[in-house]
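> What follows is structure33.txt; its format and atoms are compact mmCIF, N, CA and C atoms.
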# COMPACT_ATOMS: atom_id res chain seq x y z
N ALA W 225 50.44 -3.38 -39.75
CA ALA W 225 50.18 -4.30 -38.65
C ALA W 225 50.70 -5.71 -38.98
N ILE W 226 50.49 -6.11 -40.23
CA ILE W 226 50.94 -7.45 -40.64
C ILE W 226 52.46 -7.50 -40.63
N ARG W 227 53.08 -6.52 -41.22
CA ARG W 227 54.55 -6.48 -41.31
C ARG W 227 55.18 -6.43 -39.93
N ARG W 228 54.64 -5.59 -39.07
CA ARG W 228 55.18 -5.47 -37.71
C ARG W 228 54.93 -6.75 -36.92
N GLY W 229 53.77 -7.34 -37.08
CA GLY W 229 53.43 -8.55 -36.32
C GLY W 229 54.22 -9.76 -36.76
N LEU W 230 54.35 -9.96 -38.07
CA LEU W 230 55.09 -11.11 -38.57
C LEU W 230 56.59 -10.94 -38.42
N GLY W 231 57.08 -9.73 -38.65
CA GLY W 231 58.51 -9.52 -38.61
C GLY W 231 59.18 -10.22 -39.78
N GLU W 232 60.46 -10.47 -39.64
CA GLU W 232 61.24 -11.14 -40.68
C GLU W 232 61.32 -12.63 -40.40
N PRO W 233 61.38 -13.45 -41.44
CA PRO W 233 61.58 -14.89 -41.22
C PRO W 233 62.94 -15.13 -40.57
N PRO W 234 63.08 -16.20 -39.82
CA PRO W 234 64.37 -16.49 -39.21
C PRO W 234 65.42 -16.79 -40.27
N THR W 235 66.66 -16.54 -39.94
CA THR W 235 67.75 -16.80 -40.86
C THR W 235 68.39 -18.14 -40.53
N ARG W 236 69.11 -18.69 -41.49
CA ARG W 236 69.80 -19.96 -41.26
C ARG W 236 70.77 -19.84 -40.10
N SER W 237 71.44 -18.70 -40.00
CA SER W 237 72.42 -18.56 -38.94
C SER W 237 71.78 -18.46 -37.56
N SER W 238 70.47 -18.08 -37.49
CA SER W 238 69.81 -18.00 -36.19
C SER W 238 69.71 -19.38 -35.54
N GLU W 239 69.74 -20.43 -36.37
CA GLU W 239 69.67 -21.78 -35.83
C GLU W 239 70.95 -22.14 -35.08
N THR W 240 72.06 -21.52 -35.49
CA THR W 240 73.35 -21.81 -34.84
C THR W 240 73.67 -20.79 -33.77
N GLY W 241 72.83 -19.77 -33.64
CA GLY W 241 73.08 -18.73 -32.64
C GLY W 241 73.91 -17.59 -33.19
N ASP W 242 74.38 -17.69 -34.43
CA ASP W 242 75.18 -16.65 -35.05
C ASP W 242 74.26 -15.49 -35.41
N THR W 243 74.71 -14.27 -35.18
CA THR W 243 73.90 -13.10 -35.50
C THR W 243 74.51 -12.31 -36.65
N ASP W 244 75.18 -12.98 -37.55
CA ASP W 244 75.81 -12.36 -38.71
C ASP W 244 74.75 -11.63 -39.54
N ALA W 245 75.00 -10.36 -39.81
CA ALA W 245 74.05 -9.55 -40.57
C ALA W 245 73.89 -10.05 -42.00
N ASP W 246 74.88 -10.78 -42.53
CA ASP W 246 74.83 -11.28 -43.90
C ASP W 246 74.20 -12.67 -43.98
N ALA W 247 73.61 -13.15 -42.91
CA ALA W 247 73.04 -14.50 -42.91
C ALA W 247 71.90 -14.57 -43.92
N LEU W 248 71.74 -15.74 -44.50
CA LEU W 248 70.69 -15.95 -45.51
C LEU W 248 69.38 -16.35 -44.85
N THR W 249 68.29 -15.84 -45.40
CA THR W 249 66.98 -16.24 -44.91
C THR W 249 66.73 -17.69 -45.33
N ASP W 250 66.24 -18.48 -44.41
CA ASP W 250 65.89 -19.87 -44.69
C ASP W 250 64.77 -19.87 -45.73
N PRO W 251 64.96 -20.53 -46.89
CA PRO W 251 63.93 -20.50 -47.94
C PRO W 251 62.59 -21.08 -47.49
N ASP W 252 62.61 -22.12 -46.66
CA ASP W 252 61.35 -22.69 -46.17
C ASP W 252 60.63 -21.69 -45.27
N ALA W 253 61.39 -21.02 -44.43
CA ALA W 253 60.78 -20.02 -43.54
C ALA W 253 60.22 -18.86 -44.36
N ALA W 254 60.97 -18.42 -45.36
CA ALA W 254 60.50 -17.32 -46.21
C ALA W 254 59.20 -17.69 -46.90
N ALA W 255 59.10 -18.92 -47.38
CA ALA W 255 57.87 -19.37 -48.04
C ALA W 255 56.71 -19.39 -47.05
N ALA W 256 56.95 -19.89 -45.84
CA ALA W 256 55.90 -19.93 -44.81
C ALA W 256 55.45 -18.52 -44.45
N TRP W 257 56.41 -17.60 -44.33
CA TRP W 257 56.08 -16.21 -44.02
C TRP W 257 55.24 -15.61 -45.15
N GLY W 258 55.57 -15.94 -46.38
CA GLY W 258 54.80 -15.43 -47.52
C GLY W 258 53.37 -15.92 -47.51
N VAL W 259 53.18 -17.20 -47.22
CA VAL W 259 51.83 -17.75 -47.13
C VAL W 259 51.06 -17.08 -46.00
N ALA W 260 51.71 -16.91 -44.85
CA ALA W 260 51.05 -16.28 -43.70
C ALA W 260 50.67 -14.84 -44.02
N ALA W 261 51.58 -14.09 -44.65
CA ALA W 261 51.28 -12.71 -45.00
C ALA W 261 50.11 -12.65 -45.98
N GLY W 262 50.09 -13.55 -46.96
CA GLY W 262 48.97 -13.58 -47.91
C GLY W 262 47.65 -13.86 -47.23
N GLN W 263 47.65 -14.79 -46.30
CA GLN W 263 46.43 -15.12 -45.57
C GLN W 263 45.95 -13.92 -44.76
N LEU W 264 46.89 -13.24 -44.10
CA LEU W 264 46.51 -12.08 -43.29
C LEU W 264 46.01 -10.92 -44.15
N VAL W 265 46.64 -10.72 -45.30
CA VAL W 265 46.16 -9.67 -46.22
C VAL W 265 44.73 -9.98 -46.66
N GLU W 266 44.46 -11.24 -46.92
CA GLU W 266 43.11 -11.66 -47.30
C GLU W 266 42.09 -11.37 -46.19
N GLU W 267 42.50 -11.54 -44.95
CA GLU W 267 41.61 -11.33 -43.81
C GLU W 267 41.54 -9.88 -43.34
N ALA W 268 42.39 -9.03 -43.88
CA ALA W 268 42.53 -7.66 -43.37
C ALA W 268 41.22 -6.87 -43.41
N SER W 269 40.39 -7.09 -44.41
CA SER W 269 39.15 -6.32 -44.49
C SER W 269 38.12 -6.74 -43.45
N ARG W 270 38.32 -7.90 -42.83
CA ARG W 270 37.36 -8.40 -41.85
C ARG W 270 37.86 -8.28 -40.41
N ARG W 271 39.03 -7.74 -40.21
CA ARG W 271 39.62 -7.66 -38.87
C ARG W 271 39.97 -6.21 -38.53
N THR W 272 40.00 -5.90 -37.24
CA THR W 272 40.51 -4.60 -36.82
C THR W 272 42.04 -4.63 -36.94
N VAL W 273 42.64 -3.49 -36.93
CA VAL W 273 44.10 -3.41 -37.01
C VAL W 273 44.74 -4.13 -35.83
N GLU W 274 44.16 -3.94 -34.64
CA GLU W 274 44.70 -4.59 -33.44
C GLU W 274 44.59 -6.11 -33.54
N ASP W 275 43.45 -6.59 -34.02
CA ASP W 275 43.24 -8.03 -34.17
C ASP W 275 44.17 -8.60 -35.22
N LEU W 276 44.39 -7.86 -36.28
CA LEU W 276 45.29 -8.30 -37.35
C LEU W 276 46.72 -8.40 -36.83
N ALA W 277 47.16 -7.41 -36.06
CA ALA W 277 48.51 -7.44 -35.49
C ALA W 277 48.67 -8.61 -34.53
N ALA W 278 47.66 -8.85 -33.71
CA ALA W 278 47.73 -9.97 -32.76
C ALA W 278 47.78 -11.30 -33.50
N ALA W 279 46.99 -11.43 -34.56
CA ALA W 279 47.00 -12.66 -35.36
C ALA W 279 48.37 -12.86 -36.01
N ALA W 280 48.96 -11.78 -36.50
CA ALA W 280 50.29 -11.87 -37.13
C ALA W 280 51.34 -12.32 -36.11
N ARG W 281 51.28 -11.78 -34.90
CA ARG W 281 52.24 -12.20 -33.85
C ARG W 281 52.04 -13.67 -33.49
N THR W 282 50.79 -14.10 -33.41
CA THR W 282 50.51 -15.49 -33.07
C THR W 282 51.04 -16.43 -34.16
N ILE W 283 50.79 -16.08 -35.42
CA ILE W 283 51.29 -16.90 -36.52
C ILE W 283 52.82 -16.93 -36.50
N ARG W 284 53.44 -15.77 -36.27
CA ARG W 284 54.90 -15.72 -36.20
C ARG W 284 55.42 -16.66 -35.12
N ASP W 285 54.78 -16.67 -33.98
CA ASP W 285 55.24 -17.53 -32.88
C ASP W 285 55.05 -19.01 -33.19
N VAL W 286 54.00 -19.35 -33.94
CA VAL W 286 53.79 -20.74 -34.35
C VAL W 286 54.84 -21.15 -35.37
N LEU W 287 55.13 -20.26 -36.32
CA LEU W 287 56.10 -20.58 -37.36
C LEU W 287 57.54 -20.59 -36.85
N ASP W 288 57.82 -19.84 -35.81
CA ASP W 288 59.18 -19.72 -35.28
C ASP W 288 59.18 -19.91 -33.76
N PRO W 289 58.99 -21.16 -33.28
CA PRO W 289 58.91 -21.38 -31.84
C PRO W 289 60.21 -21.02 -31.10
N ASP W 290 61.36 -21.20 -31.74
CA ASP W 290 62.61 -20.80 -31.08
C ASP W 290 62.66 -19.29 -30.88
N GLY W 291 62.24 -18.57 -31.91
CA GLY W 291 62.17 -17.11 -31.79
C GLY W 291 61.15 -16.67 -30.77
N ALA W 292 60.04 -17.41 -30.66
CA ALA W 292 59.00 -17.08 -29.68
C ALA W 292 59.57 -17.21 -28.27
N GLU W 293 60.32 -18.26 -28.04
CA GLU W 293 60.94 -18.45 -26.72
C GLU W 293 61.93 -17.33 -26.42
N ARG W 294 62.73 -16.95 -27.40
CA ARG W 294 63.70 -15.87 -27.22
C ARG W 294 62.98 -14.55 -26.93
N ARG W 295 61.92 -14.25 -27.69
CA ARG W 295 61.17 -13.01 -27.47
C ARG W 295 60.52 -13.01 -26.09
N PHE W 296 60.03 -14.16 -25.64
CA PHE W 296 59.44 -14.27 -24.30
C PHE W 296 60.49 -13.94 -23.24
N ARG W 297 61.67 -14.52 -23.37
CA ARG W 297 62.75 -14.24 -22.40
C ARG W 297 63.13 -12.77 -22.41
N GLU W 298 63.18 -12.17 -23.60
CA GLU W 298 63.52 -10.75 -23.70
C GLU W 298 62.46 -9.89 -23.02
N ARG W 299 61.19 -10.21 -23.21
CA ARG W 299 60.12 -9.45 -22.54
C ARG W 299 60.24 -9.60 -21.02
N HIS W 300 60.55 -10.81 -20.59
CA HIS W 300 60.70 -11.06 -19.16
C HIS W 300 61.85 -10.23 -18.58
N GLU W 301 62.94 -10.15 -19.30
CA GLU W 301 64.09 -9.39 -18.82
C GLU W 301 63.84 -7.88 -18.82
N ARG W 302 62.95 -7.40 -19.66
CA ARG W 302 62.68 -5.96 -19.75
C ARG W 302 61.63 -5.49 -18.76
N ARG W 303 61.05 -6.38 -17.97
CA ARG W 303 60.01 -5.96 -17.03
C ARG W 303 60.63 -5.01 -16.00
N SER W 304 59.83 -4.06 -15.57
CA SER W 304 60.34 -3.08 -14.60
C SER W 304 59.17 -2.48 -13.82
N PHE W 305 59.53 -1.86 -12.72
CA PHE W 305 58.53 -1.21 -11.85
C PHE W 305 59.19 0.01 -11.24
N ARG W 306 58.50 1.13 -11.32
CA ARG W 306 58.99 2.35 -10.69
C ARG W 306 57.79 3.07 -10.10
N PHE W 307 57.93 3.53 -8.88
CA PHE W 307 56.86 4.22 -8.18
C PHE W 307 57.47 5.43 -7.51
N TRP W 308 56.87 6.62 -7.67
CA TRP W 308 57.43 7.82 -7.06
C TRP W 308 56.35 8.83 -6.76
N THR W 309 56.70 9.78 -5.90
CA THR W 309 55.83 10.89 -5.54
C THR W 309 56.50 12.16 -6.04
N ASP W 310 55.78 12.98 -6.81
CA ASP W 310 56.39 14.20 -7.33
C ASP W 310 56.35 15.30 -6.28
N ARG W 311 56.87 16.46 -6.62
CA ARG W 311 57.00 17.55 -5.65
C ARG W 311 55.66 18.07 -5.15
N ASP W 312 54.56 17.80 -5.90
CA ASP W 312 53.23 18.22 -5.48
C ASP W 312 52.51 17.15 -4.67
N GLY W 313 53.19 16.05 -4.41
CA GLY W 313 52.59 14.96 -3.65
C GLY W 313 51.76 14.00 -4.48
N ILE W 314 51.80 14.15 -5.79
CA ILE W 314 51.06 13.25 -6.67
C ILE W 314 51.89 11.99 -6.88
N ARG W 315 51.23 10.86 -6.73
CA ARG W 315 51.93 9.58 -6.89
C ARG W 315 51.86 9.11 -8.34
N HIS W 316 52.96 8.59 -8.81
CA HIS W 316 53.07 8.11 -10.19
C HIS W 316 53.63 6.69 -10.18
N GLY W 317 53.37 5.98 -11.25
CA GLY W 317 53.94 4.66 -11.41
C GLY W 317 54.26 4.40 -12.86
N SER W 318 55.30 3.64 -13.08
CA SER W 318 55.68 3.23 -14.42
C SER W 318 55.96 1.74 -14.36
N PHE W 319 55.31 0.98 -15.23
CA PHE W 319 55.43 -0.47 -15.19
C PHE W 319 55.70 -1.00 -16.60
N THR W 320 56.53 -1.97 -16.69
CA THR W 320 56.71 -2.73 -17.92
C THR W 320 56.51 -4.18 -17.53
N PHE W 321 55.47 -4.79 -18.09
CA PHE W 321 55.08 -6.13 -17.68
C PHE W 321 55.62 -7.20 -18.62
N ASP W 322 55.88 -8.37 -18.06
CA ASP W 322 56.09 -9.55 -18.88
C ASP W 322 54.71 -10.13 -19.18
N ASP W 323 54.64 -11.22 -19.90
CA ASP W 323 53.35 -11.76 -20.32
C ASP W 323 52.44 -12.10 -19.15
N TYR W 324 52.98 -12.76 -18.14
CA TYR W 324 52.15 -13.20 -17.01
C TYR W 324 51.71 -12.03 -16.15
N GLY W 325 52.60 -11.10 -15.89
CA GLY W 325 52.25 -9.92 -15.11
C GLY W 325 51.18 -9.09 -15.81
N ALA W 326 51.30 -8.95 -17.13
CA ALA W 326 50.31 -8.18 -17.89
C ALA W 326 48.95 -8.86 -17.84
N ALA W 327 48.92 -10.17 -17.93
CA ALA W 327 47.64 -10.89 -17.88
C ALA W 327 46.98 -10.69 -16.52
N TRP W 328 47.76 -10.74 -15.45
CA TRP W 328 47.21 -10.57 -14.11
C TRP W 328 46.68 -9.16 -13.91
N VAL W 329 47.48 -8.15 -14.26
CA VAL W 329 47.05 -6.76 -14.07
C VAL W 329 45.85 -6.44 -14.95
N THR W 330 45.85 -6.94 -16.17
CA THR W 330 44.71 -6.71 -17.06
C THR W 330 43.43 -7.29 -16.47
N SER W 331 43.51 -8.49 -15.92
CA SER W 331 42.30 -9.10 -15.35
C SER W 331 41.81 -8.31 -14.14
N VAL W 332 42.73 -7.82 -13.31
CA VAL W 332 42.33 -7.02 -12.14
C VAL W 332 41.69 -5.71 -12.60
N LEU W 333 42.32 -5.01 -13.54
CA LEU W 333 41.78 -3.74 -14.00
C LEU W 333 40.46 -3.93 -14.75
N ASP W 334 40.37 -4.97 -15.56
CA ASP W 334 39.11 -5.22 -16.26
C ASP W 334 37.97 -5.46 -15.28
N ALA W 335 38.25 -6.18 -14.21
CA ALA W 335 37.21 -6.43 -13.21
C ALA W 335 36.83 -5.14 -12.48
N ALA W 336 37.82 -4.31 -12.19
CA ALA W 336 37.55 -3.07 -11.45
C ALA W 336 36.88 -2.02 -12.31
N LEU W 337 37.17 -2.00 -13.60
CA LEU W 337 36.67 -0.94 -14.47
C LEU W 337 35.62 -1.41 -15.46
N ARG W 338 35.05 -2.58 -15.20
CA ARG W 338 34.03 -3.09 -16.12
C ARG W 338 32.87 -2.09 -16.20
N PRO W 339 32.08 -2.19 -17.23
CA PRO W 339 30.98 -1.23 -17.40
C PRO W 339 30.09 -1.17 -16.17
N ARG W 340 29.67 0.03 -15.86
CA ARG W 340 28.78 0.23 -14.71
C ARG W 340 27.36 -0.10 -15.15
N ARG W 341 26.74 -1.03 -14.49
CA ARG W 341 25.43 -1.53 -14.91
C ARG W 341 24.26 -0.84 -14.22
N GLY W 342 24.48 -0.22 -13.08
CA GLY W 342 23.38 0.48 -12.42
C GLY W 342 22.67 -0.34 -11.37
N GLY W 343 23.00 -1.58 -11.19
CA GLY W 343 22.45 -2.38 -10.11
C GLY W 343 21.07 -2.93 -10.39
N PRO W 344 20.51 -3.62 -9.40
CA PRO W 344 19.19 -4.24 -9.56
C PRO W 344 18.08 -3.19 -9.71
N ARG W 345 16.99 -3.60 -10.33
CA ARG W 345 15.90 -2.66 -10.59
C ARG W 345 14.92 -2.57 -9.43
N PHE W 346 14.68 -3.65 -8.71
CA PHE W 346 13.69 -3.64 -7.64
C PHE W 346 14.40 -3.62 -6.30
N VAL W 347 14.73 -2.41 -5.85
CA VAL W 347 15.46 -2.23 -4.60
C VAL W 347 14.84 -1.08 -3.82
N ASP W 348 15.31 -0.94 -2.60
CA ASP W 348 14.77 0.17 -1.82
C ASP W 348 15.31 1.49 -2.38
N PRO W 349 14.68 2.61 -2.05
CA PRO W 349 15.04 3.91 -2.64
C PRO W 349 16.51 4.31 -2.44
N SER W 350 17.11 3.97 -1.29
CA SER W 350 18.51 4.38 -1.07
C SER W 350 19.46 3.59 -1.99
N GLU W 351 19.17 2.30 -2.19
CA GLU W 351 20.00 1.51 -3.10
C GLU W 351 19.79 1.96 -4.54
N LYS W 352 18.56 2.32 -4.88
CA LYS W 352 18.28 2.82 -6.23
C LYS W 352 19.01 4.14 -6.47
N ALA W 353 19.06 5.00 -5.46
CA ALA W 353 19.79 6.28 -5.58
C ALA W 353 21.29 6.04 -5.73
N ALA W 354 21.81 5.07 -4.99
CA ALA W 354 23.24 4.75 -5.11
C ALA W 354 23.56 4.22 -6.50
N ALA W 355 22.67 3.39 -7.04
CA ALA W 355 22.87 2.85 -8.39
C ALA W 355 22.80 3.98 -9.42
N ALA W 356 21.87 4.90 -9.25
CA ALA W 356 21.74 6.03 -10.18
C ALA W 356 22.99 6.91 -10.11
N ALA W 357 23.52 7.13 -8.92
CA ALA W 357 24.75 7.93 -8.78
C ALA W 357 25.92 7.25 -9.47
N LEU W 358 25.98 5.93 -9.41
CA LEU W 358 27.05 5.19 -10.07
C LEU W 358 26.96 5.36 -11.57
N VAL W 359 25.77 5.25 -12.13
CA VAL W 359 25.59 5.41 -13.57
C VAL W 359 25.89 6.85 -14.00
N ALA W 360 25.52 7.83 -13.18
CA ALA W 360 25.70 9.23 -13.52
C ALA W 360 27.10 9.76 -13.23
N ASP W 361 27.97 8.95 -12.67
CA ASP W 361 29.33 9.37 -12.34
C ASP W 361 30.03 9.90 -13.60
N PRO W 362 30.44 11.17 -13.61
CA PRO W 362 31.02 11.75 -14.82
C PRO W 362 32.48 11.34 -15.06
N ARG W 363 33.11 10.72 -14.08
CA ARG W 363 34.52 10.34 -14.24
C ARG W 363 34.67 9.21 -15.23
N THR W 364 35.70 9.25 -16.01
CA THR W 364 36.01 8.17 -16.93
C THR W 364 36.85 7.14 -16.20
N ASN W 365 36.98 5.95 -16.78
CA ASN W 365 37.83 4.94 -16.17
C ASN W 365 39.29 5.39 -16.15
N GLU W 366 39.69 6.20 -17.11
CA GLU W 366 41.05 6.72 -17.11
C GLU W 366 41.28 7.58 -15.89
Render the structure in this file as structure tokens.


Amino acid sequence: AIRRGLGEPPTRSSETGDTDADALTDPDAAAAWGVAAGQLVEEASRRTVEDLAAAARTIRDVLDPDGAERRFRERHERRSFRFWTDRDGIRHGSFTFDDYGAAWVTSVLDAALRPRRGGPRFVDPSEKAAAAALVADPRTNE
């Protein structure tokens, strides 16, 4: 998670826009990446793998703001949407979100699929039955 999240330090040639495979790693960037990796390794026992990967990506973006901007543009360019109906009439969708689209869809889905609480306790019998049916619903959010 740390290796994938941090990635490689930027190279000297990345500053000029050159993508030469033989470009040298900037020594200052390599040192900063080493410190960041050490800090993340130290925190690894206290974090989930997902949290560790997210922290590594955040640190990478702070250490390499030019690369962060480039990665943002690349994610934006890769966004896509496809919607189709198969031969059985089942509807499908495939989405690739950029950062802003993902944040919006996540907030909508989180609100729609939040834990079912069962409703108020002091209600009339029909509302209490509806709340009980909601809690007993065997369907998963998936």

> Figure out the distance between atom C of W:Ala225 and atom N of W:Leu264, please, to one decimal in Å.

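One can read the atom N of W:Leu264 to atom C of W:Ala225 distance as 9.9 Å.
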
> Would you return as number ranges by chain the members of stretch 253-307 of chain W that DSSP assigns to strand (DSSP E or B) on this structure's backbone?

W: 304-307

> Write the selection just made, keeping N, CA and C atoms, as an mmCIF file, keeping the file's coordinate frame?


data_model
loop_
_atom_site.group_PDB
_atom_site.id
_atom_site.type_symbol
_atom_site.label_atom_id
_atom_site.label_comp_id
_atom_site.auth_asym_id
_atom_site.auth_seq_id
_atom_site.Cartn_x
_atom_site.Cartn_y
_atom_site.Cartn_z
ATOM 1 N N SER W 304 59.830 -4.060 -15.570
ATOM 2 C CA SER W 304 60.340 -3.080 -14.600
ATOM 3 C C SER W 304 59.170 -2.480 -13.820
ATOM 4 N N PHE W 305 59.530 -1.860 -12.720
ATOM 5 C CA PHE W 305 58.530 -1.210 -11.850
ATOM 6 C C PHE W 305 59.190 0.010 -11.240
ATOM 7 N N ARG W 306 58.500 1.130 -11.320
ATOM 8 C CA ARG W 306 58.990 2.350 -10.690
ATOM 9 C C ARG W 306 57.790 3.070 -10.100
ATOM 10 N N PHE W 307 57.930 3.530 -8.880
ATOM 11 C CA PHE W 307 56.860 4.220 -8.180
ATOM 12 C C PHE W 307 57.470 5.430 -7.510
#

> Taking only N, CA and C atoms into account, which of W:Gly262, W:Pro251, W:Gly229, W:Pro234 comes nearest W:Thr282?

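Checking each candidate against W:Thr282, we get W:Gly229 as the closest.
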
> What does the distance between atom C of W:Thr235 and atom C of W:Ala279 come to in Å, to one decimal place?

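Here the two named atoms are 21.2 Å from each other.
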
> Report the residues of chain W whose backbone DSSP state falls under helix (DSSP H, G or I), written as JSON, numbers by chain.

{"W": [226, 227, 228, 229, 230, 236, 237, 238, 239, 251, 252, 253, 254, 255, 256, 257, 258, 259, 260, 261, 262, 263, 264, 265, 266, 267, 268, 269, 270, 273, 274, 275, 276, 277, 278, 279, 280, 281, 282, 283, 284, 285, 286, 287, 289, 290, 291, 292, 293, 294, 295, 296, 297, 298, 299, 300, 301, 323, 324, 325, 326, 327, 328, 329, 330, 331, 332, 333, 334, 335, 336, 349, 350, 351, 352, 353, 354, 355, 356, 357, 358, 359, 360]}

> At what distance in Å, to one decimal, does atom CA of W:Gly313 lie from atom C of W:Val329?

25.1 Å

> Restricting the calculation to only C-alpha atoms, which member of W:Ala260, W:Arg271, W:Asp348, W:His300 is positioned closest to W:Gly325?

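With only C-alpha atoms as the atom set, the closest residue is W:His300.
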
> Please identify all polymer residues within 10 Å of stretch 290-295 of chain W, counting only C-alpha atoms, omitting same-chain residues fewer than 4 positions from it, and present them as an mmCIF file with N, CA and C atoms, in the frame of the given file.


data_model
loop_
_atom_site.group_PDB
_atom_site.id
_atom_site.type_symbol
_atom_site.label_atom_id
_atom_site.label_comp_id
_atom_site.auth_asym_id
_atom_site.auth_seq_id
_atom_site.Cartn_x
_atom_site.Cartn_y
_atom_site.Cartn_z
ATOM 1 N N PRO W 233 61.380 -13.450 -41.440
ATOM 2 C CA PRO W 233 61.580 -14.890 -41.220
ATOM 3 C C PRO W 233 62.940 -15.130 -40.570
ATOM 4 N N PRO W 234 63.080 -16.200 -39.820
ATOM 5 C CA PRO W 234 64.370 -16.490 -39.210
ATOM 6 C C PRO W 234 65.420 -16.790 -40.270
ATOM 7 N N SER W 238 70.470 -18.080 -37.490
ATOM 8 C CA SER W 238 69.810 -18.000 -36.190
ATOM 9 C C SER W 238 69.710 -19.380 -35.540
ATOM 10 N N GLU W 239 69.740 -20.430 -36.370
ATOM 11 C CA GLU W 239 69.670 -21.780 -35.830
ATOM 12 C C GLU W 239 70.950 -22.140 -35.080
ATOM 13 N N ARG W 281 51.280 -11.780 -34.900
ATOM 14 C CA ARG W 281 52.240 -12.200 -33.850
ATOM 15 C C ARG W 281 52.040 -13.670 -33.490
ATOM 16 N N THR W 282 50.790 -14.100 -33.410
ATOM 17 C CA THR W 282 50.510 -15.490 -33.070
ATOM 18 C C THR W 282 51.040 -16.430 -34.160
ATOM 19 N N ARG W 284 53.440 -15.770 -36.270
ATOM 20 C CA ARG W 284 54.900 -15.720 -36.200
ATOM 21 C C ARG W 284 55.420 -16.660 -35.120
ATOM 22 N N ASP W 285 54.780 -16.670 -33.980
ATOM 23 C CA ASP W 285 55.240 -17.530 -32.880
ATOM 24 C C ASP W 285 55.050 -19.010 -33.190
ATOM 25 N N VAL W 286 54.000 -19.350 -33.940
ATOM 26 C CA VAL W 286 53.790 -20.740 -34.350
ATOM 27 C C VAL W 286 54.840 -21.150 -35.370
ATOM 28 N N ARG W 299 61.190 -10.210 -23.210
ATOM 29 C CA ARG W 299 60.120 -9.450 -22.540
ATOM 30 C C ARG W 299 60.240 -9.600 -21.020
ATOM 31 N N HIS W 300 60.550 -10.810 -20.590
ATOM 32 C CA HIS W 300 60.700 -11.060 -19.160
ATOM 33 C C HIS W 300 61.850 -10.230 -18.580
ATOM 34 N N GLU W 301 62.940 -10.150 -19.300
ATOM 35 C CA GLU W 301 64.090 -9.390 -18.820
ATOM 36 C C GLU W 301 63.840 -7.880 -18.820
#
